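Asks: Please see the structure below; I have some questions.
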Amino acid sequence: MQVASAPHAAASCLPVRGRAQPGHKRSRCTSHARSTSSQKLSSSACISTISSFAPRKTSLHQQRCSQRVMAYEREWPNPEFIKEVDEAFPDQGIANVEEARALVSSLGWTYLDVRSALENEEVGRVRMSVNVPFVNCTKKYDSKQGKKVVQKQDNPDFVKMVEKRFPDKETKLIIGCSNGRQYSMDALMALDEAGYFNLAGLRGGYHAWFNVFDHKLNRRRTGEYAETYTHDGDSAGIHSSGAGFPKMDPADKFVPSEY
């Protein structure tokens with residue numbers, strides 16, 4: 001005796017549309033009910049499967065809160081952050097302001113300011129920094145422009161001056177200029193060729209530092225910090241317009257001069 005295969009057996013059990021089987025009357029209601037229940041079962045199964053894999057949405061408030069938590073954890077003087085910075089440098093090479101503050105204030109690094117002496121005097125300096133200018137700047141009156149203009153000249157004794165101040169080539173130095181690009185890269189290359197190997201550059205230079213810390217090394221809660229991590233106000237931060245703040249933070253009025 002031959003046994004029909006499963007597909008054929010299943011097909012033989014199904015009623016044929018348009019032809020009634022002998023001795024059996026098919027009910028349209030029963031057929032329709034079976035079809036409807038089958039559709040409902042398959043739909044609910046699909047919904048259950050999709051919902052189990054669908055990612056859960058987090059509210060904008062929760063996202064902002066998590067961003068603030070991460071921001072406050074990854075800043076000086078958080079001990080875990082300082083430990084992380086210590087492990088990352090000097091291999092990382094370039095430090096942001098928070099990392100630079102950890103290096104200078106907690107890990108024995110020296111902030112080497114390579115801006116000109118004129119810029120240090122007129123714009124400001126970072127407390128605890130050592131100034132060895134990569135260029136020498138002077139201001140002279142230009143009759144064509146009708147004002148004093150800055151004249152720059154390379155400092156040929158830059159490396160010698162650094163070696164005199166820091167004879168130990170293992171000294172840990174973080175290099176900062178005005179904006180992190182003007183002189184820092186050239187100074188880093190010169191010191192690397194001179195044999196210094198614990199070196200790092202400050203991203204954004206003095207301008208970035210001043211937006212986060214004032215001249216007394218107190219932290220500001222505006223400027224780079226607010227724009228980078230919270231985004232609660234406009235693009236310029238909460239003090240941008242000065243509305244309601246008769247005494248604005250100097251960082252908000254700070255317009256970097258070109259040297």
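By convention here, the chains of the structure tokens are called A, B, ... in the order presented, each chain's residues are numbered starting at 1, and ligands are numbered starting at 1 in the order presented.
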Give the alpha helix (DSSP H) residues of range 112-232 of chain A, as assigned by DSSP on the backbone, as number ranges by chain.

Replies: A: 117-122, 158-165, 184-193, 205-212, 224-229

Asks: Please build the interface table for range 67-116 of chain A against range 199-223 of chain A with a cut-off of 12 Å, listing for each qualifying residue the nearest atom pair and the distance in Å to one decimal; count only C-alpha atoms, order rows by chain and increasing number, and write it as a Markdown table.

Replies:
| residue | atom | partner | partner_atom | distance |
| --- | --- | --- | --- | --- |
| A:Tyr72 | CA | A:Arg221 | CA | 11.4 |
| A:Glu75 | CA | A:Arg219 | CA | 10.8 |
| A:Trp76 | CA | A:Arg219 | CA | 9.8 |
| A:Pro77 | CA | A:Arg219 | CA | 10.9 |
| A:Val85 | CA | A:Ala200 | CA | 11.9 |
| A:Ala88 | CA | A:Ala200 | CA | 10.8 |
| A:Phe89 | CA | A:Ala200 | CA | 7.7 |
| A:Pro90 | CA | A:Leu199 | CA | 6.0 |
| A:Asp91 | CA | A:Ala200 | CA | 8.4 |
| A:Gln92 | CA | A:Ala200 | CA | 7.8 |
| A:Gly93 | CA | A:Ala200 | CA | 4.7 |
| A:Ile94 | CA | A:Gly201 | CA | 4.7 |
| A:Ala95 | CA | A:Leu202 | CA | 5.1 |
| A:Asn96 | CA | A:Arg203 | CA | 5.2 |
| A:Val97 | CA | A:Trp209 | CA | 5.7 |
| A:Glu98 | CA | A:Val212 | CA | 8.5 |
| A:Glu99 | CA | A:Leu202 | CA | 8.9 |
| A:Ala100 | CA | A:Leu202 | CA | 6.7 |
| A:Arg101 | CA | A:Trp209 | CA | 8.8 |
| A:Leu103 | CA | A:Ala200 | CA | 9.8 |
| A:Val104 | CA | A:Leu217 | CA | 11.3 |
| A:Ser105 | CA | A:Leu217 | CA | 9.9 |
| A:Trp109 | CA | A:Leu199 | CA | 9.3 |
| A:Thr110 | CA | A:Leu199 | CA | 9.9 |
| A:Tyr111 | CA | A:Leu202 | CA | 9.1 |
| A:Leu112 | CA | A:Gly201 | CA | 9.6 |
| A:Asp113 | CA | A:Tyr206 | CA | 8.4 |
| A:Val114 | CA | A:Gly205 | CA | 9.9 |
| A:Arg115 | CA | A:Tyr206 | CA | 9.0 |

Asks: Could you dump the residues just selected with N, CA and C atoms as a PDB file, in the first residue's frame?

Replies:
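And here's selection_29.pdb as it stands now:
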ATOM      1  N   TYR A  72      29.631  65.557  33.098  1.00  0.00           N
ATOM      2  CA  TYR A  72      30.164  65.847  34.414  1.00  0.00           C
ATOM      3  C   TYR A  72      31.143  64.774  34.868  1.00  0.00           C
ATOM      4  N   GLU A  75      35.298  65.057  33.223  1.00  0.00           N
ATOM      5  CA  GLU A  75      35.931  66.354  33.374  1.00  0.00           C
ATOM      6  C   GLU A  75      36.800  66.348  34.621  1.00  0.00           C
ATOM      7  N   TRP A  76      37.755  67.258  34.637  1.00  0.00           N
ATOM      8  CA  TRP A  76      38.603  67.437  35.810  1.00  0.00           C
ATOM      9  C   TRP A  76      37.751  68.083  36.900  1.00  0.00           C
ATOM     10  N   PRO A  77      37.872  67.686  38.194  1.00  0.00           N
ATOM     11  CA  PRO A  77      38.866  66.780  38.797  1.00  0.00           C
ATOM     12  C   PRO A  77      38.319  65.381  39.118  1.00  0.00           C
ATOM     13  N   VAL A  85      42.956  59.816  31.654  1.00  0.00           N
ATOM     14  CA  VAL A  85      43.864  60.721  30.948  1.00  0.00           C
ATOM     15  C   VAL A  85      45.315  60.283  31.140  1.00  0.00           C
ATOM     16  N   ALA A  88      46.139  57.586  28.823  1.00  0.00           N
ATOM     17  CA  ALA A  88      46.055  57.927  27.399  1.00  0.00           C
ATOM     18  C   ALA A  88      47.247  58.718  26.884  1.00  0.00           C
ATOM     19  N   PHE A  89      47.916  59.457  27.765  1.00  0.00           N
ATOM     20  CA  PHE A  89      48.993  60.352  27.323  1.00  0.00           C
ATOM     21  C   PHE A  89      50.354  59.855  27.805  1.00  0.00           C
ATOM     22  N   PRO A  90      51.366  60.123  26.946  1.00  0.00           N
ATOM     23  CA  PRO A  90      51.408  61.013  25.771  1.00  0.00           C
ATOM     24  C   PRO A  90      50.999  60.372  24.452  1.00  0.00           C
ATOM     25  N   ASP A  91      50.604  59.109  24.460  1.00  0.00           N
ATOM     26  CA  ASP A  91      50.308  58.422  23.201  1.00  0.00           C
ATOM     27  C   ASP A  91      49.190  59.084  22.407  1.00  0.00           C
ATOM     28  N   GLN A  92      48.207  59.658  23.077  1.00  0.00           N
ATOM     29  CA  GLN A  92      47.077  60.264  22.371  1.00  0.00           C
ATOM     30  C   GLN A  92      47.495  61.482  21.565  1.00  0.00           C
ATOM     31  N   GLY A  93      48.471  62.214  22.051  1.00  0.00           N
ATOM     32  CA  GLY A  93      49.048  63.306  21.261  1.00  0.00           C
ATOM     33  C   GLY A  93      48.384  64.656  21.420  1.00  0.00           C
ATOM     34  N   ILE A  94      47.070  64.733  21.217  1.00  0.00           N
ATOM     35  CA  ILE A  94      46.337  66.000  21.289  1.00  0.00           C
ATOM     36  C   ILE A  94      45.326  65.920  22.423  1.00  0.00           C
ATOM     37  N   ALA A  95      45.312  66.942  23.271  1.00  0.00           N
ATOM     38  CA  ALA A  95      44.419  66.967  24.431  1.00  0.00           C
ATOM     39  C   ALA A  95      43.393  68.079  24.285  1.00  0.00           C
ATOM     40  N   ASN A  96      42.144  67.791  24.703  1.00  0.00           N
ATOM     41  CA  ASN A  96      41.173  68.879  24.797  1.00  0.00           C
ATOM     42  C   ASN A  96      41.400  69.620  26.114  1.00  0.00           C
ATOM     43  N   VAL A  97      40.579  70.618  26.389  1.00  0.00           N
ATOM     44  CA  VAL A  97      40.808  71.466  27.559  1.00  0.00           C
ATOM     45  C   VAL A  97      40.713  70.677  28.866  1.00  0.00           C
ATOM     46  N   GLU A  98      39.710  69.799  28.970  1.00  0.00           N
ATOM     47  CA  GLU A  98      39.538  69.016  30.199  1.00  0.00           C
ATOM     48  C   GLU A  98      40.736  68.093  30.427  1.00  0.00           C
ATOM     49  N   GLU A  99      41.186  67.458  29.361  1.00  0.00           N
ATOM     50  CA  GLU A  99      42.353  66.577  29.473  1.00  0.00           C
ATOM     51  C   GLU A  99      43.606  67.370  29.822  1.00  0.00           C
ATOM     52  N   ALA A 100      43.741  68.550  29.209  1.00  0.00           N
ATOM     53  CA  ALA A 100      44.897  69.398  29.505  1.00  0.00           C
ATOM     54  C   ALA A 100      44.894  69.843  30.966  1.00  0.00           C
ATOM     55  N   ARG A 101      43.732  70.175  31.493  1.00  0.00           N
ATOM     56  CA  ARG A 101      43.655  70.597  32.901  1.00  0.00           C
ATOM     57  C   ARG A 101      44.051  69.446  33.818  1.00  0.00           C
ATOM     58  N   LEU A 103      46.087  66.994  33.032  1.00  0.00           N
ATOM     59  CA  LEU A 103      47.536  66.802  32.880  1.00  0.00           C
ATOM     60  C   LEU A 103      48.316  67.816  33.706  1.00  0.00           C
ATOM     61  N   VAL A 104      47.900  69.081  33.632  1.00  0.00           N
ATOM     62  CA  VAL A 104      48.648  70.153  34.291  1.00  0.00           C
ATOM     63  C   VAL A 104      48.420  70.164  35.802  1.00  0.00           C
ATOM     64  N   SER A 105      47.166  70.010  36.223  1.00  0.00           N
ATOM     65  CA  SER A 105      46.842  70.184  37.641  1.00  0.00           C
ATOM     66  C   SER A 105      46.986  68.918  38.467  1.00  0.00           C
ATOM     67  N   TRP A 109      52.267  67.572  34.441  1.00  0.00           N
ATOM     68  CA  TRP A 109      52.665  68.141  33.158  1.00  0.00           C
ATOM     69  C   TRP A 109      52.811  69.666  33.291  1.00  0.00           C
ATOM     70  N   THR A 110      53.567  70.262  32.381  1.00  0.00           N
ATOM     71  CA  THR A 110      53.764  71.707  32.353  1.00  0.00           C
ATOM     72  C   THR A 110      53.136  72.283  31.090  1.00  0.00           C
ATOM     73  N   TYR A 111      52.363  73.340  31.277  1.00  0.00           N
ATOM     74  CA  TYR A 111      51.759  74.040  30.136  1.00  0.00           C
ATOM     75  C   TYR A 111      52.825  74.964  29.545  1.00  0.00           C
ATOM     76  N   LEU A 112      53.298  74.634  28.351  1.00  0.00           N
ATOM     77  CA  LEU A 112      54.294  75.463  27.657  1.00  0.00           C
ATOM     78  C   LEU A 112      53.574  76.340  26.641  1.00  0.00           C
ATOM     79  N   ASP A 113      53.485  77.632  26.948  1.00  0.00           N
ATOM     80  CA  ASP A 113      52.797  78.595  26.088  1.00  0.00           C
ATOM     81  C   ASP A 113      53.802  79.123  25.066  1.00  0.00           C
ATOM     82  N   VAL A 114      53.547  78.827  23.784  1.00  0.00           N
ATOM     83  CA  VAL A 114      54.505  79.226  22.743  1.00  0.00           C
ATOM     84  C   VAL A 114      54.046  80.483  22.011  1.00  0.00           C
ATOM     85  N   ARG A 115      53.046  81.186  22.547  1.00  0.00           N
ATOM     86  CA  ARG A 115      52.649  82.466  21.957  1.00  0.00           C
ATOM     87  C   ARG A 115      53.724  83.513  22.231  1.00  0.00           C
TER      88      ARG A 115
END

Asks: Which parts of range 134-215 of chain A does DSSP call strand (DSSP E or B) when run on the backbone here, written out as a list of chain:residue names?

Replies: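 Answer for range 134-215 of chain A, restricted to strand (DSSP E or B): A:Val135, A:Asn136, A:Cys137, A:Thr138, A:Lys139, A:Lys140, A:Tyr141, A:Asp142, A:Lys147, A:Lys148, A:Val149, A:Val150, A:Gln151, A:Lys152, A:Gln153, A:Asp154, A:Leu173, A:Ile174, A:Ile175, A:Gly176, A:Leu199, A:Ala200, A:Gly201, A:Leu202, A:Phe213.
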
Asks: Could you check the closest approach to Phe158 in chain A for each of A:Ile175, A:Met185, A:Leu191, A:Val123 and tell me which residue wins, using only C-alpha atoms?

Replies: A:Leu191

Asks: May I ask for the distance between CA of Glu87 in chain A and CA of Leu173 in chain A, given in Å to one decimal place?

Replies: 15.8 Å

Asks: For CA of Phe166 in chain A and CA of Glu193 in chain A, determine how far apart the two atoms are, in Å to one decimal place.

Replies: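 Calculated distance between CA of Phe166 in chain A and CA of Glu193 in chain A is 15.1 Å.
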
Asks: With distances taken over only C-alpha atoms, which residue among A:Val149, A:Leu188, A:Ala194, A:Ile82 lies nearest Phe134 in chain A?

Replies: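 Answer, going by the shortest atom-to-atom distance: A:Leu188.
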
Asks: Quote the spacing between CA of Glu170 in chain A and CA of Asn131 in chain A in Å to one decimal place.

Replies: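 Separating CA of Glu170 in chain A from CA of Asn131 in chain A is a distance of 18.7 Å.
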